[in-house]
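Shown here: data28.cif, mmCIF, C-alpha atoms.
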data_target
loop_
_atom_site.label_atom_id
_atom_site.label_comp_id
_atom_site.auth_asym_id
_atom_site.auth_seq_id
_atom_site.Cartn_x
_atom_site.Cartn_y
_atom_site.Cartn_z
CA MET A 752 -5.72 -78.23 -29.34
CA GLU A 753 -6.28 -78.46 -25.58
CA ASN A 754 -5.24 -74.82 -25.10
CA ILE A 755 -8.08 -73.46 -27.22
CA THR A 756 -11.08 -71.99 -25.44
CA LEU A 757 -13.72 -72.55 -28.11
CA LEU A 758 -16.33 -69.89 -28.81
CA THR A 759 -19.81 -71.29 -28.20
CA PRO A 760 -23.03 -70.35 -30.03
CA ILE A 761 -24.48 -69.10 -26.72
CA GLU A 762 -21.50 -66.77 -26.12
CA LEU A 763 -21.74 -65.50 -29.70
CA ALA A 764 -25.48 -64.85 -29.34
CA LYS A 765 -24.89 -62.87 -26.12
CA ILE A 766 -22.58 -60.39 -27.84
CA THR A 767 -24.71 -60.08 -30.99
CA ASN A 768 -27.21 -57.22 -30.90
CA HIS A 769 -30.16 -58.62 -32.82
CA ARG A 770 -32.34 -56.12 -34.64
CA SER A 771 -35.52 -56.68 -36.65
CA GLY A 772 -34.96 -56.48 -40.41
CA GLU A 773 -31.20 -56.93 -40.14
CA ILE A 774 -28.82 -59.89 -40.27
CA LYS A 775 -25.67 -59.48 -38.21
CA PHE A 776 -22.36 -61.28 -38.66
CA GLY A 777 -22.91 -62.95 -35.30
CA GLU A 778 -26.00 -64.68 -36.64
CA LYS A 779 -24.02 -66.28 -39.47
CA ILE A 780 -20.52 -66.84 -38.07
CA ASN A 781 -19.57 -70.52 -37.76
CA THR A 782 -18.44 -72.03 -34.45
CA VAL A 783 -17.21 -75.55 -33.65
CA PRO A 784 -20.18 -77.66 -32.42
CA LYS A 785 -19.96 -79.09 -28.93
CA GLY A 786 -18.20 -82.47 -28.95
CA ALA A 787 -16.95 -82.11 -32.53
CA ASP A 788 -13.34 -82.73 -33.50
CA VAL A 789 -11.84 -79.28 -34.17
CA ILE A 790 -9.60 -80.37 -37.05
CA GLU A 791 -12.30 -82.43 -38.77
CA PHE A 792 -14.82 -79.61 -38.46
CA MET A 793 -12.34 -77.06 -39.87
CA VAL A 794 -11.73 -79.26 -42.90
CA SER A 795 -15.42 -79.92 -43.57
CA CYS A 796 -16.69 -76.39 -42.84
CA ASP A 797 -17.50 -74.22 -45.87
CA ALA A 798 -15.98 -71.12 -44.26
CA LYS A 799 -12.88 -69.84 -46.07
CA PHE A 800 -11.40 -68.03 -43.05
CA VAL A 801 -10.63 -69.22 -39.53
CA LEU A 802 -10.26 -66.61 -36.79
CA ILE A 803 -8.22 -67.27 -33.65
CA GLY A 804 -7.61 -64.87 -30.76
CA LEU A 805 -4.32 -64.57 -28.89
CA SER A 806 -5.14 -63.38 -25.39
CA GLU A 807 -1.65 -62.57 -24.14
CA ASP A 808 0.71 -59.69 -23.52
CA ILE A 809 3.71 -61.59 -22.18
CA GLY A 810 5.84 -60.90 -25.26
CA VAL A 811 5.19 -57.19 -24.82
CA LYS A 812 6.15 -57.34 -21.14
CA ALA A 813 9.34 -59.23 -21.98
CA ASN A 814 10.13 -56.38 -24.40
CA LEU A 815 9.65 -53.75 -21.65
CA GLY A 816 6.45 -52.49 -23.32
CA ARG A 817 3.04 -51.53 -21.92
CA THR A 818 0.85 -54.56 -21.36
CA GLY A 819 -2.81 -54.70 -22.40
CA THR A 820 -2.78 -56.49 -25.74
CA ALA A 821 -4.58 -59.50 -24.24
CA SER A 822 -7.85 -57.53 -24.46
CA ALA A 823 -7.87 -56.98 -28.23
CA TYR A 824 -9.52 -60.25 -29.27
CA GLU A 825 -12.57 -59.88 -27.02
CA SER A 826 -13.10 -56.26 -28.08
CA ALA A 827 -12.74 -57.09 -31.76
CA LEU A 828 -15.09 -60.07 -31.56
CA LYS A 829 -17.88 -58.00 -29.98
CA ASN A 830 -17.63 -55.53 -32.84
CA LEU A 831 -17.24 -58.17 -35.54
CA ALA A 832 -20.41 -59.93 -34.36
CA ASN A 833 -22.41 -56.76 -35.01
CA ILE A 834 -21.24 -55.98 -38.53
CA GLN A 835 -23.96 -56.38 -41.16
CA HIS A 836 -24.03 -59.66 -43.08
CA ASN A 837 -24.66 -58.56 -46.68
CA LYS A 838 -23.49 -58.95 -50.28
CA TYR A 839 -20.18 -57.23 -49.56
CA CYS A 840 -19.04 -59.51 -46.75
CA LYS A 841 -20.68 -62.59 -45.29
CA GLY A 842 -20.39 -63.88 -41.75
CA SER A 843 -20.86 -67.41 -43.07
CA ASP A 844 -17.41 -67.17 -44.68
CA LEU A 845 -15.86 -67.04 -41.20
CA LEU A 846 -15.25 -69.75 -38.61
CA VAL A 847 -14.33 -68.35 -35.20
CA LEU A 848 -12.48 -71.00 -33.21
CA GLY A 849 -12.11 -68.93 -30.06
CA HIS A 850 -8.89 -67.96 -28.34
CA LEU A 851 -5.70 -69.62 -27.16
CA ASN A 852 -5.88 -69.64 -23.39
CA PHE A 853 -2.71 -68.33 -21.76
CA GLU A 854 -4.19 -67.61 -18.34
CA GLU A 855 -1.63 -69.74 -16.51
CA GLU A 856 1.29 -68.16 -18.35
CA ARG A 857 -0.10 -64.67 -17.71
CA LYS A 858 -0.46 -65.48 -14.02
CA GLN A 859 3.20 -66.51 -13.90
CA ALA A 860 4.25 -63.42 -15.86
CA SER A 861 2.38 -61.06 -13.53
CA ALA A 862 4.83 -61.92 -10.73
CA LEU A 863 7.89 -61.18 -12.85
CA ASP A 864 9.79 -57.92 -13.26
CA PRO A 865 11.13 -57.51 -16.83
CA LYS A 866 13.81 -55.14 -15.57
CA ASN A 867 15.24 -57.98 -13.47
CA LYS A 868 17.66 -60.04 -15.55
CA GLU A 869 16.60 -63.43 -14.16
CA ASP A 870 12.89 -62.60 -14.31
CA ARG A 871 13.27 -61.51 -17.91
CA LYS A 872 14.76 -64.90 -18.78
CA LEU A 873 11.66 -66.52 -17.30
CA LEU A 874 9.49 -64.25 -19.45
CA PHE A 875 11.49 -65.31 -22.52
CA ALA A 876 10.77 -68.95 -21.65
CA LEU A 877 7.03 -68.21 -21.36
CA VAL A 878 7.08 -66.58 -24.80
CA GLU A 879 8.71 -69.72 -26.22
CA LYS A 880 5.79 -71.77 -24.84
CA ILE A 881 3.39 -69.38 -26.56
CA ASP A 882 5.38 -69.73 -29.81
CA LYS A 883 4.73 -73.48 -29.81
CA GLU A 884 0.99 -73.10 -29.27
CA VAL A 885 0.63 -70.41 -31.94
CA SER A 886 2.69 -72.23 -34.57
CA HIS A 887 0.71 -75.42 -33.94
CA ILE A 888 -2.72 -73.86 -34.42
CA ILE A 889 -1.66 -71.84 -37.49
CA HIS A 890 -0.16 -74.98 -39.01
CA GLN A 891 -3.42 -76.87 -38.43
CA ILE A 892 -5.58 -74.09 -39.93
CA CYS A 893 -3.40 -73.84 -43.03
CA LYS A 894 -3.26 -77.64 -43.46
CA ALA A 895 -7.07 -77.63 -43.34
CA GLY A 896 -7.04 -75.42 -46.43
CA LYS A 897 -8.25 -72.31 -44.61
CA THR A 898 -6.86 -68.79 -44.28
CA PRO A 899 -6.00 -67.81 -40.68
CA ILE A 900 -7.01 -64.44 -39.27
CA ILE A 901 -5.14 -63.84 -36.01
CA ILE A 902 -6.16 -61.12 -33.56
CA GLY A 903 -4.36 -59.89 -30.48
CA GLY A 904 -1.23 -60.40 -28.46
CA GLY A 905 2.13 -58.81 -29.07
CA HIS A 906 4.20 -58.97 -32.23
CA ASN A 907 6.13 -61.85 -30.72
CA ASN A 908 3.39 -63.95 -32.31
CA ALA A 909 4.67 -63.20 -35.81
CA TYR A 910 7.16 -66.01 -35.13
CA GLY A 911 4.45 -68.61 -34.52
CA ASN A 912 2.42 -67.38 -37.49
CA ILE A 913 5.37 -67.63 -39.88
CA LYS A 914 6.53 -70.97 -38.51
CA GLY A 915 3.02 -72.44 -38.71
CA LEU A 916 2.58 -71.29 -42.32
CA ALA A 917 6.06 -72.51 -43.31
CA LEU A 918 5.45 -75.95 -41.80
CA ALA A 919 2.11 -76.21 -43.62
CA LYS A 920 3.71 -75.24 -46.93
CA GLY A 921 6.84 -77.32 -46.36
CA LYS A 922 9.18 -74.43 -47.16
CA PRO A 923 10.25 -70.97 -45.94
CA VAL A 924 7.67 -68.24 -46.51
CA ASN A 925 7.63 -64.45 -46.80
CA ALA A 926 6.08 -61.72 -44.68
CA ILE A 927 5.14 -58.07 -44.98
CA ASN A 928 4.72 -55.95 -41.87
CA PHE A 929 2.93 -52.58 -41.58
CA ASP A 930 4.85 -51.34 -38.56
CA ALA A 931 6.74 -48.45 -36.99
CA HIS A 932 9.40 -50.96 -35.85
CA THR A 933 11.28 -53.79 -37.58
CA ASP A 934 10.82 -56.35 -34.78
CA PHE A 935 14.05 -57.73 -36.21
CA ARG A 936 16.20 -57.14 -33.15
CA ILE A 937 18.97 -59.25 -31.62
CA LEU A 938 18.40 -62.85 -30.59
CA GLU A 939 18.58 -62.19 -26.85
CA GLY A 940 15.57 -64.31 -25.90
CA ARG A 941 12.04 -64.27 -27.26
CA HIS A 942 9.91 -61.14 -26.98
CA SER A 943 7.75 -58.87 -29.13
CA GLY A 944 10.73 -57.08 -30.65
CA ASN A 945 12.39 -60.03 -32.40
CA GLY A 946 9.70 -62.32 -33.80
CA PHE A 947 10.88 -61.81 -37.38
CA SER A 948 14.60 -62.10 -36.66
CA TYR A 949 14.03 -65.42 -34.87
CA ALA A 950 11.82 -66.66 -37.73
CA TYR A 951 14.59 -65.71 -40.16
CA GLU A 952 17.34 -67.30 -38.04
CA ASP A 953 15.36 -70.54 -37.70
CA GLY A 954 14.83 -70.81 -41.45
CA PHE A 955 11.07 -70.19 -41.59
CA LEU A 956 11.22 -66.65 -43.04
CA LYS A 957 12.64 -66.20 -46.53
CA LYS A 958 11.88 -62.57 -47.44
CA TYR A 959 10.63 -59.78 -45.21
CA PHE A 960 9.36 -56.26 -46.01
CA VAL A 961 8.66 -53.57 -43.39
CA PHE A 962 6.19 -50.94 -44.59
CA GLY A 963 6.13 -47.50 -42.93
CA LEU A 964 9.11 -47.98 -40.63
CA HIS A 965 9.78 -44.99 -38.36
CA GLU A 966 13.38 -43.84 -38.77
CA ASN A 967 13.58 -42.59 -35.17
CA PHE A 968 12.66 -45.98 -33.70
CA VAL A 969 15.34 -48.14 -35.32
CA SER A 970 18.77 -48.56 -33.77
CA LYS A 971 21.99 -48.25 -35.74
CA SER A 972 22.76 -51.93 -35.13
CA VAL A 973 19.40 -53.04 -36.60
CA PHE A 974 19.90 -50.80 -39.64
CA ASN A 975 23.34 -52.41 -40.09
CA THR A 976 21.74 -55.86 -39.91
CA LEU A 977 19.18 -54.91 -42.56
CA LYS A 978 21.95 -53.44 -44.72
CA ASP A 979 23.71 -56.83 -44.67
CA LEU A 980 20.57 -58.60 -45.97
CA PRO A 981 19.65 -56.55 -49.08
CA THR A 982 18.12 -59.45 -51.01
CA ARG A 983 16.16 -60.83 -48.06
CA VAL A 984 14.92 -57.80 -46.09
CA LYS A 985 13.68 -54.48 -47.46
CA PHE A 986 11.76 -51.52 -46.06
CA VAL A 987 10.28 -48.12 -46.79
CA THR A 988 10.09 -45.54 -44.01
CA TYR A 989 7.17 -43.43 -42.88
CA GLU A 990 9.34 -40.34 -43.26
CA GLU A 991 10.12 -41.18 -46.90
CA LEU A 992 6.39 -41.46 -47.57
CA GLU A 993 4.84 -38.70 -45.49
CA VAL A 994 7.45 -36.28 -44.14
CA LYS A 995 10.11 -35.95 -46.83
CA ARG A 996 7.61 -37.08 -49.53
CA GLU A 997 10.42 -38.76 -51.46
CA LYS A 998 8.32 -41.84 -52.28
CA GLN A 999 4.71 -42.45 -53.24
CA PHE A 1000 2.46 -44.68 -51.12
CA ASP A 1001 0.85 -46.62 -53.99
CA ALA A 1002 4.13 -47.11 -55.85
CA GLU A 1003 5.80 -48.46 -52.69
CA LEU A 1004 2.92 -50.89 -52.13
CA GLU A 1005 3.57 -52.25 -55.62
CA LYS A 1006 7.31 -52.57 -54.93
CA ALA A 1007 6.70 -54.29 -51.61
CA LEU A 1008 4.30 -56.79 -53.17
CA GLU A 1009 6.74 -57.48 -55.99
CA PHE A 1010 9.39 -58.35 -53.40
CA ILE A 1011 7.33 -60.94 -51.50
CA LYS A 1012 4.66 -62.21 -53.90
CA ASN A 1013 6.44 -65.27 -55.33
CA GLU A 1014 6.01 -67.30 -52.14
CA PRO A 1015 3.13 -67.68 -49.66
CA PHE A 1016 3.29 -64.64 -47.40
CA GLY A 1017 1.80 -63.40 -44.16
CA VAL A 1018 0.23 -59.96 -43.81
CA GLU A 1019 1.19 -58.47 -40.43
CA LEU A 1020 -0.15 -55.19 -39.05
CA ASP A 1021 0.99 -53.55 -35.83
CA LEU A 1022 -1.60 -51.09 -34.54
CA ASP A 1023 1.10 -48.98 -32.90
CA ALA A 1024 2.00 -47.72 -36.37
CA ILE A 1025 -1.33 -45.85 -36.57
CA PRO A 1026 -1.72 -42.52 -34.74
CA GLY A 1027 -3.85 -42.48 -31.61
CA ILE A 1028 -4.55 -46.21 -31.33
CA PRO A 1029 -4.16 -47.51 -27.75
CA SER A 1030 -1.26 -49.94 -28.00
CA SER A 1031 1.95 -51.07 -26.35
CA ALA A 1032 3.90 -48.27 -28.06
CA MET A 1033 1.26 -45.69 -28.94
CA THR A 1034 2.18 -42.93 -31.40
CA LEU A 1035 0.69 -39.60 -32.46
CA SER A 1036 2.43 -39.65 -35.84
CA GLY A 1037 2.15 -42.35 -38.46
CA LEU A 1038 0.31 -43.66 -41.50
CA SER A 1039 -3.44 -43.15 -41.32
CA VAL A 1040 -6.18 -45.66 -40.55
CA ASP A 1041 -7.37 -45.42 -44.16
CA LYS A 1042 -3.91 -46.24 -45.50
CA ALA A 1043 -3.59 -49.15 -43.09
CA ARG A 1044 -6.93 -50.54 -44.27
CA TYR A 1045 -5.93 -50.13 -47.92
CA PHE A 1046 -2.62 -51.86 -47.18
CA ILE A 1047 -4.52 -54.90 -45.88
CA TYR A 1048 -6.91 -54.91 -48.83
CA PHE A 1049 -4.14 -54.43 -51.41
CA MET A 1050 -1.95 -57.21 -50.02
CA GLY A 1051 -4.91 -59.48 -49.33
CA LYS A 1052 -5.96 -59.51 -52.98
CA HIS A 1053 -2.88 -61.48 -53.98
CA PRO A 1054 -3.39 -65.26 -54.12
CA ASN A 1055 -0.25 -65.87 -52.05
CA ALA A 1056 -1.49 -63.74 -49.12
CA SER A 1057 -1.87 -66.58 -46.63
CA TYR A 1058 -2.85 -65.04 -43.30
CA LEU A 1059 -3.68 -61.75 -41.57
CA HIS A 1060 -2.35 -60.87 -38.12
CA ILE A 1061 -3.50 -57.69 -36.34
CA CYS A 1062 -1.56 -57.16 -33.13
CA GLU A 1063 -0.36 -54.82 -30.37
CA GLY A 1064 -3.75 -53.12 -29.97
CA ALA A 1065 -4.64 -52.64 -26.29
CA PRO A 1066 -8.23 -51.41 -25.82
CA GLU A 1067 -7.91 -51.64 -22.04
CA LEU A 1068 -5.30 -48.87 -22.12
CA ASP A 1069 -7.96 -46.46 -23.40
CA ASP A 1070 -9.77 -45.15 -20.32
CA SER A 1071 -12.21 -43.04 -22.34
CA ILE A 1072 -15.80 -43.94 -23.18
CA ASN A 1073 -14.55 -44.77 -26.68
CA ASN A 1074 -12.43 -47.78 -25.66
CA HIS A 1075 -14.54 -49.98 -27.96
CA LEU A 1076 -13.21 -48.18 -31.03
CA THR A 1077 -9.98 -50.19 -31.20
CA GLY A 1078 -12.04 -53.37 -31.49
CA LYS A 1079 -14.24 -51.68 -34.08
CA LEU A 1080 -11.19 -50.83 -36.18
CA ILE A 1081 -9.83 -54.38 -35.94
CA ALA A 1082 -13.23 -55.74 -37.03
CA ALA A 1083 -13.21 -53.43 -40.08
CA MET A 1084 -9.70 -54.61 -40.98
CA VAL A 1085 -10.80 -58.24 -40.72
CA THR A 1086 -13.60 -57.61 -43.22
CA ASP A 1087 -11.20 -55.68 -45.50
CA PHE A 1088 -9.04 -58.80 -45.72
CA MET A 1089 -12.03 -61.08 -46.26
CA LYS A 1090 -13.33 -58.86 -49.04
CA ALA A 1091 -9.89 -58.78 -50.67
CA LYS A 1092 -9.62 -62.57 -50.66
CA THR A 1093 -13.08 -63.00 -52.21
CA VAL A 1094 -12.56 -60.52 -55.08
#
Give the structure from this file in structure tokens form.
Amino acid sequence: MENITLLTPIELAKITNHRSGEIKFGEKINTVPKGADVIEFMVSCDAKFVLIGLSEDIGVKANLGRTGTASAYESALKNLANIQHNKYCKGSDLLVLGHLNFEEERKQASALDPKNKEDRKLLFALVEKIDKEVSHIIHQICKAGKTPIIIGGGHNNAYGNIKGLALAKGKPVNAINFDAHTDFRILEGRHSGNGFSYAYEDGFLKKYFVFGLHENFVSKSVFNTLKDLPTRVKFVTYEELEVKREKQFDAELEKALEFIKNEPFGVELDLDAIPGIPSSAMTLSGLSVDKARYFIYFMGKHPNASYLHICEGAPELDDSINNHLTGKLIAAMVTDFMKAKTV
């Protein structure tokens, strides 16, 4: 737990905009008291959900993507702290641990060129270090009987999330991913494009569903891989849902849930699947914000939905005055999941 930078009550108070007659999330969110044992406090705390930030973009860089995903957690937390605490969603249901500190790894990565073969190998090694930290904290949260909510970083962190959940449950688990990409690419070294394929290869991932996959973004070799795993990996494409209109959104949600629901499963959402969201692979075409939020709520309602991971958002890549909106969206998605789990 030495890599966690814990959120303090003073830091939380600074980002909470207090207003007379209102109660904000930031006034009710739980934090680990100074000097307390993190694990013991997690177990004893009444909060159902534990939020952890992943302040890194090394997996994205190793995948030749645009960096910036390290900023998502801080942006989301500022917005989450200022949501209203009311009958629909309560800040007291949430324990915010803080964020995993990857400053040293990011410093090393900043000197590396991903287009250089040897440098890229070093980036892969840094991602493997991150995998270990992420899987450890997710394992600890799940073992404490809480539901992890993970914000930030690249989709390389799906590996650590799945591994951590699988270790806590003592068996392989399932995952569903709202994404334009499969992130099921070749095992060439760890990066944001192969978190799920590595989790599958290492025996932590049993069944995997990709929701809203963009047909233009998937290579022939990956499609061939998916074709060879018909009982373990399934998908529905964005084009089938919205362009060709061959399939219905709600019906495909039901089919996807049916595929994964018999085991504990992680809910993964890549913000680059939503049009106009600053991210490592930003798109202008994709499933809407409203459909993404409903996806989270729909999947979250199932008892086996065991964590939420919102990744690839990069608020710092938005140079407009509205660069806080990515964090605002993430905060809304967090509450959608919390509401779903308390239905």
Best match for closeness to Lys894 (chain A) among A:Lys920, A:Lys971, A:Arg996, A:Arg817, counting all atoms listed in the file: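 For Lys894 (chain A), the nearest of the given residues is A:Lys920.
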Selection dump of the PyMOL selection byres ((chain A and resi 1028) around 12), as an mmCIF file with C-alpha atoms, in the coordinates of the input:
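Result file is out34.cif:
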data_model
loop_
_atom_site.group_PDB
_atom_site.id
_atom_site.type_symbol
_atom_site.label_atom_id
_atom_site.label_comp_id
_atom_site.auth_asym_id
_atom_site.auth_seq_id
_atom_site.Cartn_x
_atom_site.Cartn_y
_atom_site.Cartn_z
ATOM 1 C CA THR A 820 -2.780 -56.490 -25.740
ATOM 2 C CA ALA A 823 -7.870 -56.980 -28.230
ATOM 3 C CA ASP A 1021 0.990 -53.550 -35.830
ATOM 4 C CA LEU A 1022 -1.600 -51.090 -34.540
ATOM 5 C CA ASP A 1023 1.100 -48.980 -32.900
ATOM 6 C CA ALA A 1024 2.000 -47.720 -36.370
ATOM 7 C CA ILE A 1025 -1.330 -45.850 -36.570
ATOM 8 C CA PRO A 1026 -1.720 -42.520 -34.740
ATOM 9 C CA GLY A 1027 -3.850 -42.480 -31.610
ATOM 10 C CA PRO A 1029 -4.160 -47.510 -27.750
ATOM 11 C CA SER A 1030 -1.260 -49.940 -28.000
ATOM 12 C CA SER A 1031 1.950 -51.070 -26.350
ATOM 13 C CA ALA A 1032 3.900 -48.270 -28.060
ATOM 14 C CA MET A 1033 1.260 -45.690 -28.940
ATOM 15 C CA THR A 1034 2.180 -42.930 -31.400
ATOM 16 C CA LEU A 1035 0.690 -39.600 -32.460
ATOM 17 C CA SER A 1036 2.430 -39.650 -35.840
ATOM 18 C CA GLY A 1037 2.150 -42.350 -38.460
ATOM 19 C CA LEU A 1038 0.310 -43.660 -41.500
ATOM 20 C CA SER A 1039 -3.440 -43.150 -41.320
ATOM 21 C CA VAL A 1040 -6.180 -45.660 -40.550
ATOM 22 C CA CYS A 1062 -1.560 -57.160 -33.130
ATOM 23 C CA GLU A 1063 -0.360 -54.820 -30.370
ATOM 24 C CA GLY A 1064 -3.750 -53.120 -29.970
ATOM 25 C CA ALA A 1065 -4.640 -52.640 -26.290
ATOM 26 C CA PRO A 1066 -8.230 -51.410 -25.820
ATOM 27 C CA GLU A 1067 -7.910 -51.640 -22.040
ATOM 28 C CA LEU A 1068 -5.300 -48.870 -22.120
ATOM 29 C CA ASP A 1069 -7.960 -46.460 -23.400
ATOM 30 C CA ASN A 1073 -14.550 -44.770 -26.680
ATOM 31 C CA ASN A 1074 -12.430 -47.780 -25.660
ATOM 32 C CA HIS A 1075 -14.540 -49.980 -27.960
ATOM 33 C CA LEU A 1076 -13.210 -48.180 -31.030
ATOM 34 C CA THR A 1077 -9.980 -50.190 -31.200
ATOM 35 C CA GLY A 1078 -12.040 -53.370 -31.490
ATOM 36 C CA LYS A 1079 -14.240 -51.680 -34.080
ATOM 37 C CA LEU A 1080 -11.190 -50.830 -36.180
ATOM 38 C CA ILE A 1081 -9.830 -54.380 -35.940
#
Nearest-residue call for Asp934 (chain A), choices A:Ala798, A:Met1050, A:Val811, A:Leu916, using all atoms listed in the file: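 Nearest candidate to Asp934 (chain A) out of A:Ala798, A:Met1050, A:Val811, A:Leu916: A:Val811.
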Given only C-alpha atoms as the counted atoms, nearest of A:Asp1087, A:Asn912, A:Ile809, A:Val847 to Gln859 (chain A): A:Ile809
Residue with smallest distance to Ala787 (chain A) - pool A:Leu815, A:Leu757, A:Val969, A:Leu805, counting all atoms listed in the file: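 That would be A:Leu757, the residue with the smallest distance to Ala787 (chain A).
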Contacts of Ile761 (chain A) at 12 Å (only C-alpha atoms; same-chain gap of 3+ positions) as a PyMOL selection string: chain A and resi 757-758+764-767+777-778+782-785
Nearest-residue call for His906 (chain A), choices A:Phe955, A:Asp808, A:Ser822, A:Phe968, using only C-alpha atoms: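 So, comparing all the options, the nearest one is A:Asp808.
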Closest of A:Leu938, A:Ile900, A:Val794, A:Val789 to Lys1092 (chain A) - atom-to-atom distances counting all atoms listed in the file: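 Result for the nearest residue to Lys1092 (chain A): A:Ile900.
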